[in-house]
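As stored in coords12.pdb (PDB, C-alpha atoms):
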ATOM      1  CA  ASP F  28      67.189-107.696  39.833  1.00  0.00           C
ATOM      2  CA  ALA F  29      70.300-109.188  41.438  1.00  0.00           C
ATOM      3  CA  GLY F  30      68.405-111.312  43.914  1.00  0.00           C
ATOM      4  CA  VAL F  31      69.423-111.785  47.527  1.00  0.00           C
ATOM      5  CA  ILE F  32      73.164-111.408  47.905  1.00  0.00           C
ATOM      6  CA  GLN F  33      75.113-113.158  50.644  1.00  0.00           C
ATOM      7  CA  SER F  34      78.764-112.962  51.544  1.00  0.00           C
ATOM      8  CA  PRO F  35      81.004-114.715  51.991  1.00  0.00           C
ATOM      9  CA  ARG F  36      79.919-117.831  50.110  1.00  0.00           C
ATOM     10  CA  HIS F  37      82.300-120.002  52.093  1.00  0.00           C
ATOM     11  CA  GLU F  38      83.883-119.390  55.471  1.00  0.00           C
ATOM     12  CA  VAL F  39      86.326-121.609  57.289  1.00  0.00           C
ATOM     13  CA  THR F  40      87.348-120.532  60.752  1.00  0.00           C
ATOM     14  CA  GLU F  41      88.685-121.920  63.967  1.00  0.00           C
ATOM     15  CA  MET F  42      86.718-122.494  67.112  1.00  0.00           C
ATOM     16  CA  GLY F  43      86.484-119.368  69.226  1.00  0.00           C
ATOM     17  CA  GLN F  44      86.744-116.926  66.347  1.00  0.00           C
ATOM     18  CA  GLU F  45      84.084-114.373  65.513  1.00  0.00           C
ATOM     19  CA  VAL F  46      82.158-114.954  62.299  1.00  0.00           C
ATOM     20  CA  THR F  47      80.085-112.340  60.484  1.00  0.00           C
ATOM     21  CA  LEU F  48      77.744-113.268  57.680  1.00  0.00           C
ATOM     22  CA  ARG F  49      76.265-110.595  55.457  1.00  0.00           C
ATOM     23  CA  CYS F  50      73.087-110.266  53.472  1.00  0.00           C
ATOM     24  CA  LYS F  51      71.664-107.752  51.036  1.00  0.00           C
ATOM     25  CA  PRO F  52      67.948-108.337  50.449  1.00  0.00           C
ATOM     26  CA  ILE F  53      66.105-107.602  47.249  1.00  0.00           C
ATOM     27  CA  SER F  54      65.388-103.910  46.922  1.00  0.00           C
ATOM     28  CA  GLY F  55      61.854-103.072  48.014  1.00  0.00           C
ATOM     29  CA  HIS F  56      61.424-106.157  50.173  1.00  0.00           C
ATOM     30  CA  ASN F  57      60.331-105.383  53.715  1.00  0.00           C
ATOM     31  CA  SER F  58      61.014-108.703  55.404  1.00  0.00           C
ATOM     32  CA  LEU F  59      64.307-110.497  55.909  1.00  0.00           C
ATOM     33  CA  PHE F  60      64.957-113.950  57.302  1.00  0.00           C
ATOM     34  CA  TRP F  61      68.032-115.834  58.462  1.00  0.00           C
ATOM     35  CA  TYR F  62      67.955-119.639  58.281  1.00  0.00           C
ATOM     36  CA  ARG F  63      70.416-122.366  59.161  1.00  0.00           C
ATOM     37  CA  GLN F  64      70.449-125.726  57.382  1.00  0.00           C
ATOM     38  CA  THR F  65      72.154-128.904  58.543  1.00  0.00           C
ATOM     39  CA  MET F  66      71.628-132.559  57.730  1.00  0.00           C
ATOM     40  CA  MET F  67      70.636-133.287  61.297  1.00  0.00           C
ATOM     41  CA  ARG F  68      68.240-130.423  61.941  1.00  0.00           C
ATOM     42  CA  GLY F  69      67.054-129.471  58.487  1.00  0.00           C
ATOM     43  CA  LEU F  70      66.151-125.860  57.743  1.00  0.00           C
ATOM     44  CA  GLU F  71      65.712-123.755  60.872  1.00  0.00           C
ATOM     45  CA  LEU F  72      64.475-120.183  61.032  1.00  0.00           C
ATOM     46  CA  LEU F  73      66.846-118.194  63.229  1.00  0.00           C
ATOM     47  CA  ILE F  74      65.398-114.696  63.098  1.00  0.00           C
ATOM     48  CA  TYR F  75      62.927-112.632  61.122  1.00  0.00           C
ATOM     49  CA  PHE F  76      62.986-108.853  60.545  1.00  0.00           C
ATOM     50  CA  ASN F  77      60.143-106.720  59.258  1.00  0.00           C
ATOM     51  CA  ASN F  78      60.928-103.131  58.257  1.00  0.00           C
ATOM     52  CA  ASN F  79      64.373-103.543  59.873  1.00  0.00           C
ATOM     53  CA  VAL F  80      62.892-104.504  63.237  1.00  0.00           C
ATOM     54  CA  PRO F  81      63.465-107.993  64.687  1.00  0.00           C
ATOM     55  CA  ILE F  82      60.051-109.616  65.003  1.00  0.00           C
ATOM     56  CA  ASP F  83      60.888-113.165  66.035  1.00  0.00           C
ATOM     57  CA  ASP F  84      64.294-114.275  67.262  1.00  0.00           C
ATOM     58  CA  SER F  85      63.101-117.376  69.071  1.00  0.00           C
ATOM     59  CA  GLY F  86      65.118-119.539  66.714  1.00  0.00           C
ATOM     60  CA  MET F  87      68.451-118.003  67.640  1.00  0.00           C
ATOM     61  CA  PRO F  88      70.181-120.928  69.328  1.00  0.00           C
ATOM     62  CA  GLU F  89      71.995-119.058  72.071  1.00  0.00           C
ATOM     63  CA  ASP F  90      73.574-115.767  73.076  1.00  0.00           C
ATOM     64  CA  ARG F  91      76.569-116.412  70.887  1.00  0.00           C
ATOM     65  CA  PHE F  92      74.341-115.566  67.924  1.00  0.00           C
ATOM     66  CA  SER F  93      73.253-112.023  67.158  1.00  0.00           C
ATOM     67  CA  ALA F  94      71.669-110.383  64.122  1.00  0.00           C
ATOM     68  CA  LYS F  95      71.257-106.786  63.076  1.00  0.00           C
ATOM     69  CA  MET F  96      69.548-104.928  60.296  1.00  0.00           C
ATOM     70  CA  PRO F  97      70.790-101.322  60.410  1.00  0.00           C
ATOM     71  CA  ASN F  98      68.948-100.379  57.222  1.00  0.00           C
ATOM     72  CA  ALA F  99      66.644-101.827  54.614  1.00  0.00           C
ATOM     73  CA  SER F 100      69.467-103.005  52.392  1.00  0.00           C
ATOM     74  CA  PHE F 101      71.807-104.783  54.793  1.00  0.00           C
ATOM     75  CA  SER F 102      71.785-107.359  57.553  1.00  0.00           C
ATOM     76  CA  THR F 103      74.431-109.265  59.465  1.00  0.00           C
ATOM     77  CA  LEU F 104      74.429-112.477  61.446  1.00  0.00           C
ATOM     78  CA  LYS F 105      77.277-112.730  63.917  1.00  0.00           C
ATOM     79  CA  ILE F 106      78.522-115.727  65.865  1.00  0.00           C
ATOM     80  CA  GLN F 107      80.906-114.994  68.709  1.00  0.00           C
ATOM     81  CA  PRO F 108      82.593-117.203  69.737  1.00  0.00           C
ATOM     82  CA  SER F 109      82.052-119.814  67.054  1.00  0.00           C
ATOM     83  CA  GLU F 110      81.935-123.527  67.829  1.00  0.00           C
ATOM     84  CA  PRO F 111      82.249-126.605  65.573  1.00  0.00           C
ATOM     85  CA  ARG F 112      78.530-127.348  66.008  1.00  0.00           C
ATOM     86  CA  ASP F 113      77.779-124.035  64.285  1.00  0.00           C
ATOM     87  CA  SER F 114      79.024-125.538  61.029  1.00  0.00           C
ATOM     88  CA  ALA F 115      76.113-125.321  58.595  1.00  0.00           C
ATOM     89  CA  VAL F 116      74.831-123.493  55.564  1.00  0.00           C
ATOM     90  CA  TYR F 117      73.291-120.170  56.514  1.00  0.00           C
ATOM     91  CA  PHE F 118      70.659-118.744  54.212  1.00  0.00           C
ATOM     92  CA  CYS F 119      69.255-115.262  54.051  1.00  0.00           C
ATOM     93  CA  ALA F 120      65.863-114.718  52.431  1.00  0.00           C
ATOM     94  CA  SER F 121      63.647-111.714  51.807  1.00  0.00           C
ATOM     95  CA  SER F 122      60.018-111.209  50.946  1.00  0.00           C
ATOM     96  CA  ARG F 123      57.991-108.316  49.653  1.00  0.00           C
ATOM     97  CA  THR F 124      55.579-107.784  52.470  1.00  0.00           C
ATOM     98  CA  SER F 125      55.527-110.285  55.262  1.00  0.00           C
ATOM     99  CA  PHE F 126      56.412-113.635  56.657  1.00  0.00           C
ATOM    100  CA  TYR F 127      53.634-115.367  54.801  1.00  0.00           C
ATOM    101  CA  ASN F 128      54.454-114.472  51.260  1.00  0.00           C
ATOM    102  CA  GLU F 129      56.927-115.884  48.782  1.00  0.00           C
ATOM    103  CA  GLN F 130      60.447-115.806  50.122  1.00  0.00           C
ATOM    104  CA  PHE F 131      63.454-115.325  47.863  1.00  0.00           C
ATOM    105  CA  PHE F 132      66.537-117.112  49.096  1.00  0.00           C
ATOM    106  CA  GLY F 133      70.158-116.170  48.691  1.00  0.00           C
ATOM    107  CA  PRO F 134      72.799-118.707  47.668  1.00  0.00           C
ATOM    108  CA  GLY F 135      73.844-119.336  51.253  1.00  0.00           C
ATOM    109  CA  THR F 136      77.086-119.163  53.209  1.00  0.00           C
ATOM    110  CA  ARG F 137      78.721-122.490  53.975  1.00  0.00           C
ATOM    111  CA  LEU F 138      80.366-122.118  57.386  1.00  0.00           C
ATOM    112  CA  THR F 139      82.914-124.592  58.677  1.00  0.00           C
ATOM    113  CA  VAL F 140      84.206-124.171  62.208  1.00  0.00           C
ATOM    114  CA  LEU F 141      87.255-126.307  62.919  1.00  0.00           C
TER     115      LEU F 141
ATOM    116  CA  SER B  22      54.873-122.927  65.923  1.00  0.00           C
ATOM    117  CA  GLN B  23      54.063-125.646  63.491  1.00  0.00           C
ATOM    118  CA  GLN B  24      55.753-126.977  60.425  1.00  0.00           C
ATOM    119  CA  GLY B  25      54.816-129.009  57.432  1.00  0.00           C
ATOM    120  CA  GLU B  26      55.957-132.606  57.357  1.00  0.00           C
ATOM    121  CA  GLU B  27      56.724-134.041  53.951  1.00  0.00           C
ATOM    122  CA  ASP B  28      56.203-137.624  52.938  1.00  0.00           C
ATOM    123  CA  PRO B  29      57.969-139.640  51.620  1.00  0.00           C
ATOM    124  CA  GLN B  30      61.432-138.645  52.784  1.00  0.00           C
ATOM    125  CA  ALA B  31      62.907-139.875  49.510  1.00  0.00           C
ATOM    126  CA  LEU B  32      61.444-140.757  46.137  1.00  0.00           C
ATOM    127  CA  SER B  33      63.189-142.216  43.093  1.00  0.00           C
ATOM    128  CA  ILE B  34      61.461-142.403  39.704  1.00  0.00           C
ATOM    129  CA  GLN B  35      62.250-142.673  36.017  1.00  0.00           C
ATOM    130  CA  GLU B  36      62.143-139.693  33.704  1.00  0.00           C
ATOM    131  CA  GLY B  37      58.663-139.233  32.288  1.00  0.00           C
ATOM    132  CA  GLU B  38      56.890-140.632  35.345  1.00  0.00           C
ATOM    133  CA  ASN B  39      54.817-138.536  37.717  1.00  0.00           C
ATOM    134  CA  ALA B  40      56.044-137.720  41.199  1.00  0.00           C
ATOM    135  CA  THR B  41      53.724-137.112  44.126  1.00  0.00           C
ATOM    136  CA  MET B  42      54.833-135.678  47.435  1.00  0.00           C
ATOM    137  CA  ASN B  43      52.665-135.070  50.457  1.00  0.00           C
ATOM    138  CA  CYS B  44      52.688-132.578  53.259  1.00  0.00           C
ATOM    139  CA  SER B  45      50.800-132.750  56.533  1.00  0.00           C
ATOM    140  CA  TYR B  46      50.424-130.068  59.174  1.00  0.00           C
ATOM    141  CA  LYS B  47      48.786-129.760  62.540  1.00  0.00           C
ATOM    142  CA  THR B  48      46.902-126.482  62.973  1.00  0.00           C
ATOM    143  CA  SER B  49      44.883-124.045  60.894  1.00  0.00           C
ATOM    144  CA  ILE B  50      46.718-122.223  58.148  1.00  0.00           C
ATOM    145  CA  ASN B  51      46.266-119.180  55.934  1.00  0.00           C
ATOM    146  CA  ASN B  52      48.411-120.532  53.147  1.00  0.00           C
ATOM    147  CA  LEU B  53      50.793-123.309  52.281  1.00  0.00           C
ATOM    148  CA  GLN B  54      53.830-122.963  50.078  1.00  0.00           C
ATOM    149  CA  TRP B  55      56.026-125.427  48.209  1.00  0.00           C
ATOM    150  CA  TYR B  56      59.704-124.797  47.580  1.00  0.00           C
ATOM    151  CA  ARG B  57      62.435-126.650  45.683  1.00  0.00           C
ATOM    152  CA  GLN B  58      66.078-126.831  46.652  1.00  0.00           C
ATOM    153  CA  ASN B  59      68.740-128.030  44.291  1.00  0.00           C
ATOM    154  CA  SER B  60      71.830-129.442  45.931  1.00  0.00           C
ATOM    155  CA  GLY B  61      74.005-126.711  47.383  1.00  0.00           C
ATOM    156  CA  ARG B  62      71.588-123.928  46.457  1.00  0.00           C
ATOM    157  CA  GLY B  63      68.987-121.799  48.180  1.00  0.00           C
ATOM    158  CA  LEU B  64      65.297-122.647  48.135  1.00  0.00           C
ATOM    159  CA  VAL B  65      63.190-121.536  45.215  1.00  0.00           C
ATOM    160  CA  HIS B  66      59.505-120.814  45.601  1.00  0.00           C
ATOM    161  CA  LEU B  67      57.265-122.989  43.448  1.00  0.00           C
ATOM    162  CA  ILE B  68      53.689-122.272  44.359  1.00  0.00           C
ATOM    163  CA  LEU B  69      51.480-120.847  47.106  1.00  0.00           C
ATOM    164  CA  ILE B  70      47.998-122.146  47.785  1.00  0.00           C
ATOM    165  CA  ARG B  71      45.614-120.313  50.079  1.00  0.00           C
ATOM    166  CA  SER B  72      43.389-121.995  52.614  1.00  0.00           C
ATOM    167  CA  ASN B  73      40.270-121.283  50.548  1.00  0.00           C
ATOM    168  CA  GLU B  74      41.739-122.924  47.458  1.00  0.00           C
ATOM    169  CA  ARG B  75      41.594-126.640  46.757  1.00  0.00           C
ATOM    170  CA  GLU B  76      43.814-126.969  43.737  1.00  0.00           C
ATOM    171  CA  LYS B  77      46.346-124.905  41.868  1.00  0.00           C
ATOM    172  CA  HIS B  78      48.398-125.475  38.748  1.00  0.00           C
ATOM    173  CA  SER B  79      51.661-124.055  37.511  1.00  0.00           C
ATOM    174  CA  GLY B  80      53.120-125.633  34.410  1.00  0.00           C
ATOM    175  CA  ARG B  81      53.813-129.285  35.221  1.00  0.00           C
ATOM    176  CA  LEU B  82      53.052-128.711  38.908  1.00  0.00           C
ATOM    177  CA  ARG B  83      49.717-129.427  40.510  1.00  0.00           C
ATOM    178  CA  VAL B  84      49.124-128.681  44.168  1.00  0.00           C
ATOM    179  CA  THR B  85      46.088-129.740  46.134  1.00  0.00           C
ATOM    180  CA  LEU B  86      45.054-128.702  49.604  1.00  0.00           C
ATOM    181  CA  ASP B  87      42.647-130.512  51.901  1.00  0.00           C
ATOM    182  CA  THR B  88      42.149-128.398  54.994  1.00  0.00           C
ATOM    183  CA  SER B  89      39.847-130.993  56.568  1.00  0.00           C
ATOM    184  CA  LYS B  90      42.702-133.503  56.514  1.00  0.00           C
ATOM    185  CA  LYS B  91      45.361-130.841  57.063  1.00  0.00           C
ATOM    186  CA  SER B  92      47.320-132.091  54.094  1.00  0.00           C
ATOM    187  CA  SER B  93      48.626-130.988  50.742  1.00  0.00           C
ATOM    188  CA  SER B  94      50.134-132.794  47.814  1.00  0.00           C
ATOM    189  CA  LEU B  95      52.520-131.700  45.096  1.00  0.00           C
ATOM    190  CA  LEU B  96      52.339-133.546  41.805  1.00  0.00           C
ATOM    191  CA  ILE B  97      55.040-133.139  39.194  1.00  0.00           C
ATOM    192  CA  THR B  98      53.923-134.562  35.880  1.00  0.00           C
ATOM    193  CA  ALA B  99      56.195-135.908  33.148  1.00  0.00           C
ATOM    194  CA  SER B 100      59.232-135.567  35.386  1.00  0.00           C
ATOM    195  CA  ARG B 101      62.644-134.653  34.036  1.00  0.00           C
ATOM    196  CA  ALA B 102      66.143-135.275  35.334  1.00  0.00           C
ATOM    197  CA  ALA B 103      66.304-131.543  36.093  1.00  0.00           C
ATOM    198  CA  ASP B 104      63.484-131.998  38.629  1.00  0.00           C
ATOM    199  CA  THR B 105      65.930-133.860  40.866  1.00  0.00           C
ATOM    200  CA  ALA B 106      65.951-131.799  44.056  1.00  0.00           C
ATOM    201  CA  SER B 107      64.546-131.618  47.550  1.00  0.00           C
ATOM    202  CA  TYR B 108      61.017-130.325  47.915  1.00  0.00           C
ATOM    203  CA  PHE B 109      59.743-128.575  51.017  1.00  0.00           C
ATOM    204  CA  CYS B 110      56.376-127.412  52.164  1.00  0.00           C
ATOM    205  CA  ALA B 111      55.997-124.471  54.493  1.00  0.00           C
ATOM    206  CA  THR B 112      52.928-123.453  56.422  1.00  0.00           C
ATOM    207  CA  ASP B 113      52.018-120.317  58.306  1.00  0.00           C
ATOM    208  CA  GLY B 114      49.200-120.545  60.821  1.00  0.00           C
ATOM    209  CA  GLY B 115      50.784-117.630  62.643  1.00  0.00           C
ATOM    210  CA  ASP B 116      54.284-118.914  62.186  1.00  0.00           C
ATOM    211  CA  MET B 117      56.069-120.388  59.215  1.00  0.00           C
ATOM    212  CA  ARG B 118      58.297-123.368  59.366  1.00  0.00           C
ATOM    213  CA  PHE B 119      59.745-125.707  56.779  1.00  0.00           C
ATOM    214  CA  GLY B 120      59.495-129.469  56.970  1.00  0.00           C
ATOM    215  CA  ALA B 121      62.374-131.876  56.476  1.00  0.00           C
ATOM    216  CA  GLY B 122      61.694-132.175  52.766  1.00  0.00           C
ATOM    217  CA  THR B 123      61.284-134.938  50.204  1.00  0.00           C
ATOM    218  CA  ARG B 124      64.377-135.843  48.254  1.00  0.00           C
ATOM    219  CA  LEU B 125      63.291-136.546  44.668  1.00  0.00           C
ATOM    220  CA  THR B 126      65.626-138.317  42.256  1.00  0.00           C
ATOM    221  CA  VAL B 127      64.594-138.543  38.614  1.00  0.00           C
ATOM    222  CA  LYS B 128      66.671-141.041  36.695  1.00  0.00           C
ATOM    223  CA  PRO B 129      67.273-140.336  33.001  1.00  0.00           C
TER     224      PRO B 129
END
Can I see the file as structure tokens?
Amino acid sequence: DAGVIQSPRHEVTEMGQEVTLRCKPISGHNSLFWYRQTMMRGLELLIYFNNNVPIDDSGMPEDRFSAKMPNASFSTLKIQPSEPRDSAVYFCASSRTSFYNEQFFGPGTRLTVL
Amino acid sequence: SQQGEEDPQALSIQEGENATMNCSYKTSINNLQWYRQNSGRGLVHLILIRSNEREKHSGRLRVTLDTSKKSSSLLITASRAADTASYFCATDGGDMRFGAGTRLTVKP
């Protein structure tokens, strides 16, 4: 099993640009999570999908952030327009059944917005 | 939503010593999980303990849960330099959030 795959691993962009982060969950997992981690705020849950449907997006910081899961094997997190305060490591995680079971994390995407 | 709160924020010990980290939470839970994060990496699940369990072991890890005190502890016995990482607890109770973590440093 390849584990959760995220791309790109590093992204450097300028303020105002659109950023798209990608995630491939583990095959057979029904739940997918996007997290953001910074020194100041720690690990924050942004959004949670179950069976490709967004269940809880209360953690999405503002309208500049959007997430989609068009099928069971792919999800994107988009920031448009990006701002320097969006700089963080973004993690995708998946779990077999639900929010409350073991989550498998991807390696993360380190985003720097200049 | 609620989240676990780990204590202490940082812990430094010598290799071979035991390390104990604590987690407190505020409302009722169904389960509590512990994760480890090595620097620059994603979190790795260590152990899950259900609300009707009091203690659970996995290798050198021992987790206890006291639902009356709304707290859990993670004990790592005979620590190794490779155990150096941040440790997080996560609780559900209808919503799952991670605490700020305990940064463990094991000196060789």
>> Which residues would end up in the selection if the PyMOL selection byres ((chain F and resi 114) around 12) were applied here, given that I need the answer as a ChimeraX atom specification?
In response: /F:37-42,46,63-68,106,109-113,115-117,136-141
> Using only C-alpha atoms, which of the listed residues (B:Arg57, B:Val65, B:Ala40, B:Ala106) sits closest to chain F?
Replying inline: B:Val65
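Between chain F and the candidates B:Ala31, B:Leu64, B:Leu82, B:Ala103, the tightest atom-to-atom separation, counting only C-alpha atoms, involves B:Leu64.
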> For chain F against chain B, which residues fall within 8 Å using all atoms listed in the file, given as a count of residues only?
Replying inline: 14
>> Calculated over only C-alpha atoms, which of the candidates B:Ala102, B:Ile97, B:Met42, B:Ile50 has the smallest distance to Thr126 in chain B?
In response: B:Ala102
Starting from the shown file, work through the PyMOL selection byres ((chain F and resi 95) around 12) and note down what comes out as a PDB file with C-alpha atoms, keeping the file's coordinate frame.
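As written to disk, out.pdb reads:
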ATOM      1  CA  THR F  47      80.085-112.340  60.484  1.00  0.00           C
ATOM      2  CA  LEU F  48      77.744-113.268  57.680  1.00  0.00           C
ATOM      3  CA  ARG F  49      76.265-110.595  55.457  1.00  0.00           C
ATOM      4  CA  CYS F  50      73.087-110.266  53.472  1.00  0.00           C
ATOM      5  CA  LEU F  59      64.307-110.497  55.909  1.00  0.00           C
ATOM      6  CA  PHE F  60      64.957-113.950  57.302  1.00  0.00           C
ATOM      7  CA  TRP F  61      68.032-115.834  58.462  1.00  0.00           C
ATOM      8  CA  ILE F  74      65.398-114.696  63.098  1.00  0.00           C
ATOM      9  CA  TYR F  75      62.927-112.632  61.122  1.00  0.00           C
ATOM     10  CA  PHE F  76      62.986-108.853  60.545  1.00  0.00           C
ATOM     11  CA  ASN F  77      60.143-106.720  59.258  1.00  0.00           C
ATOM     12  CA  ASN F  78      60.928-103.131  58.257  1.00  0.00           C
ATOM     13  CA  ASN F  79      64.373-103.543  59.873  1.00  0.00           C
ATOM     14  CA  VAL F  80      62.892-104.504  63.237  1.00  0.00           C
ATOM     15  CA  PRO F  81      63.465-107.993  64.687  1.00  0.00           C
ATOM     16  CA  ILE F  82      60.051-109.616  65.003  1.00  0.00           C
ATOM     17  CA  ASP F  84      64.294-114.275  67.262  1.00  0.00           C
ATOM     18  CA  PHE F  92      74.341-115.566  67.924  1.00  0.00           C
ATOM     19  CA  SER F  93      73.253-112.023  67.158  1.00  0.00           C
ATOM     20  CA  ALA F  94      71.669-110.383  64.122  1.00  0.00           C
ATOM     21  CA  MET F  96      69.548-104.928  60.296  1.00  0.00           C
ATOM     22  CA  PRO F  97      70.790-101.322  60.410  1.00  0.00           C
ATOM     23  CA  ASN F  98      68.948-100.379  57.222  1.00  0.00           C
ATOM     24  CA  ALA F  99      66.644-101.827  54.614  1.00  0.00           C
ATOM     25  CA  SER F 100      69.467-103.005  52.392  1.00  0.00           C
ATOM     26  CA  PHE F 101      71.807-104.783  54.793  1.00  0.00           C
ATOM     27  CA  SER F 102      71.785-107.359  57.553  1.00  0.00           C
ATOM     28  CA  THR F 103      74.431-109.265  59.465  1.00  0.00           C
ATOM     29  CA  LEU F 104      74.429-112.477  61.446  1.00  0.00           C
ATOM     30  CA  LYS F 105      77.277-112.730  63.917  1.00  0.00           C
ATOM     31  CA  ILE F 106      78.522-115.727  65.865  1.00  0.00           C
TER      32      ILE F 106
END
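What the PyMOL selection byres ((chain F and resi 55) around 10) grabs from this file is Pro52, Ile53, Ser54, His56, Asn57, Ser58, Ala99, Ser100, Ser121, Ser122, Arg123 and Thr124 of chain F.
CA of Leu86 in chain B lies 8.9 Å from CA of Asn73 in chain B.
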Exercise on range 119-129 of chain B, axis-aligned box with 8 Å per side, report centre and edge lengths in Å to one decimal, as JSON:
{"center_x": 63.4, "center_y": -133.4, "center_z": 45.0, "size_x": 23.8, "size_y": 31.3, "size_z": 40.0}
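CA of Arg124 in chain B is positioned 13.9 Å from CA of Ser100 in chain B.
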Quick one: range 37-44 of chain B with all heavy atoms, as a PDB file, in the first residue's frame?
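Saved the output as selection08.pdb:
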ATOM      1  N   GLY B  37      16.782   5.514  27.752  1.00  0.00           N
ATOM      2  CA  GLY B  37      16.613   4.487  28.777  1.00  0.00           C
ATOM      3  C   GLY B  37      15.602   4.862  29.848  1.00  0.00           C
ATOM      4  O   GLY B  37      15.048   3.978  30.511  1.00  0.00           O
ATOM      5  N   GLU B  38      15.368   6.151  30.023  1.00  0.00           N
ATOM      6  CA  GLU B  38      14.367   6.599  31.000  1.00  0.00           C
ATOM      7  C   GLU B  38      12.967   6.439  30.424  1.00  0.00           C
ATOM      8  O   GLU B  38      12.772   6.253  29.228  1.00  0.00           O
ATOM      9  CB  GLU B  38      14.615   8.061  31.390  1.00  0.00           C
ATOM     10  CG  GLU B  38      15.927   8.279  32.122  1.00  0.00           C
ATOM     11  CD  GLU B  38      16.146   9.739  32.482  1.00  0.00           C
ATOM     12  OE1 GLU B  38      15.518  10.614  31.869  1.00  0.00           O
ATOM     13  OE2 GLU B  38      16.966   9.990  33.382  1.00  0.00           O
ATOM     14  N   ASN B  39      11.991   6.510  31.316  1.00  0.00           N
ATOM     15  CA  ASN B  39      10.588   6.474  30.898  1.00  0.00           C
ATOM     16  C   ASN B  39      10.089   7.897  30.675  1.00  0.00           C
ATOM     17  O   ASN B  39      10.514   8.833  31.350  1.00  0.00           O
ATOM     18  CB  ASN B  39       9.729   5.795  31.964  1.00  0.00           C
ATOM     19  CG  ASN B  39      10.084   4.337  32.146  1.00  0.00           C
ATOM     20  OD1 ASN B  39      10.720   3.725  31.291  1.00  0.00           O
ATOM     21  ND2 ASN B  39       9.678   3.778  33.276  1.00  0.00           N
ATOM     22  N   ALA B  40       9.172   8.024  29.737  1.00  0.00           N
ATOM     23  CA  ALA B  40       8.569   9.323  29.449  1.00  0.00           C
ATOM     24  C   ALA B  40       7.068   9.221  29.637  1.00  0.00           C
ATOM     25  O   ALA B  40       6.445   8.285  29.111  1.00  0.00           O
ATOM     26  CB  ALA B  40       8.878   9.753  28.020  1.00  0.00           C
ATOM     27  N   THR B  41       6.507  10.153  30.371  1.00  0.00           N
ATOM     28  CA  THR B  41       5.063  10.174  30.593  1.00  0.00           C
ATOM     29  C   THR B  41       4.490  11.492  30.108  1.00  0.00           C
ATOM     30  O   THR B  41       4.972  12.567  30.471  1.00  0.00           O
ATOM     31  CB  THR B  41       4.721   9.995  32.083  1.00  0.00           C
ATOM     32  OG1 THR B  41       5.223   8.729  32.532  1.00  0.00           O
ATOM     33  CG2 THR B  41       3.211  10.028  32.278  1.00  0.00           C
ATOM     34  N   MET B  42       3.473  11.384  29.280  1.00  0.00           N
ATOM     35  CA  MET B  42       2.770  12.557  28.777  1.00  0.00           C
ATOM     36  C   MET B  42       1.305  12.427  29.144  1.00  0.00           C
ATOM     37  O   MET B  42       0.769  11.318  29.165  1.00  0.00           O
ATOM     38  CB  MET B  42       2.915  12.645  27.256  1.00  0.00           C
ATOM     39  CG  MET B  42       4.307  13.044  26.829  1.00  0.00           C
ATOM     40  SD  MET B  42       4.682  12.541  25.142  1.00  0.00           S
ATOM     41  CE  MET B  42       5.293  10.897  25.422  1.00  0.00           C
ATOM     42  N   ASN B  43       0.676  13.552  29.391  1.00  0.00           N
ATOM     43  CA  ASN B  43      -0.713  13.551  29.817  1.00  0.00           C
ATOM     44  C   ASN B  43      -1.591  14.312  28.849  1.00  0.00           C
ATOM     45  O   ASN B  43      -1.135  15.217  28.143  1.00  0.00           O
ATOM     46  CB  ASN B  43      -0.823  14.187  31.214  1.00  0.00           C
ATOM     47  CG  ASN B  43       0.038  13.476  32.224  1.00  0.00           C
ATOM     48  OD1 ASN B  43      -0.147  12.302  32.501  1.00  0.00           O
ATOM     49  ND2 ASN B  43       1.019  14.185  32.775  1.00  0.00           N
ATOM     50  N   CYS B  44      -2.839  13.923  28.853  1.00  0.00           N
ATOM     51  CA  CYS B  44      -3.824  14.561  27.982  1.00  0.00           C
ATOM     52  C   CYS B  44      -5.091  14.777  28.787  1.00  0.00           C
ATOM     53  O   CYS B  44      -5.559  13.844  29.457  1.00  0.00           O
ATOM     54  CB  CYS B  44      -4.088  13.670  26.773  1.00  0.00           C
ATOM     55  SG  CYS B  44      -5.476  14.169  25.738  1.00  0.00           S
TER      56      CYS B  44
END
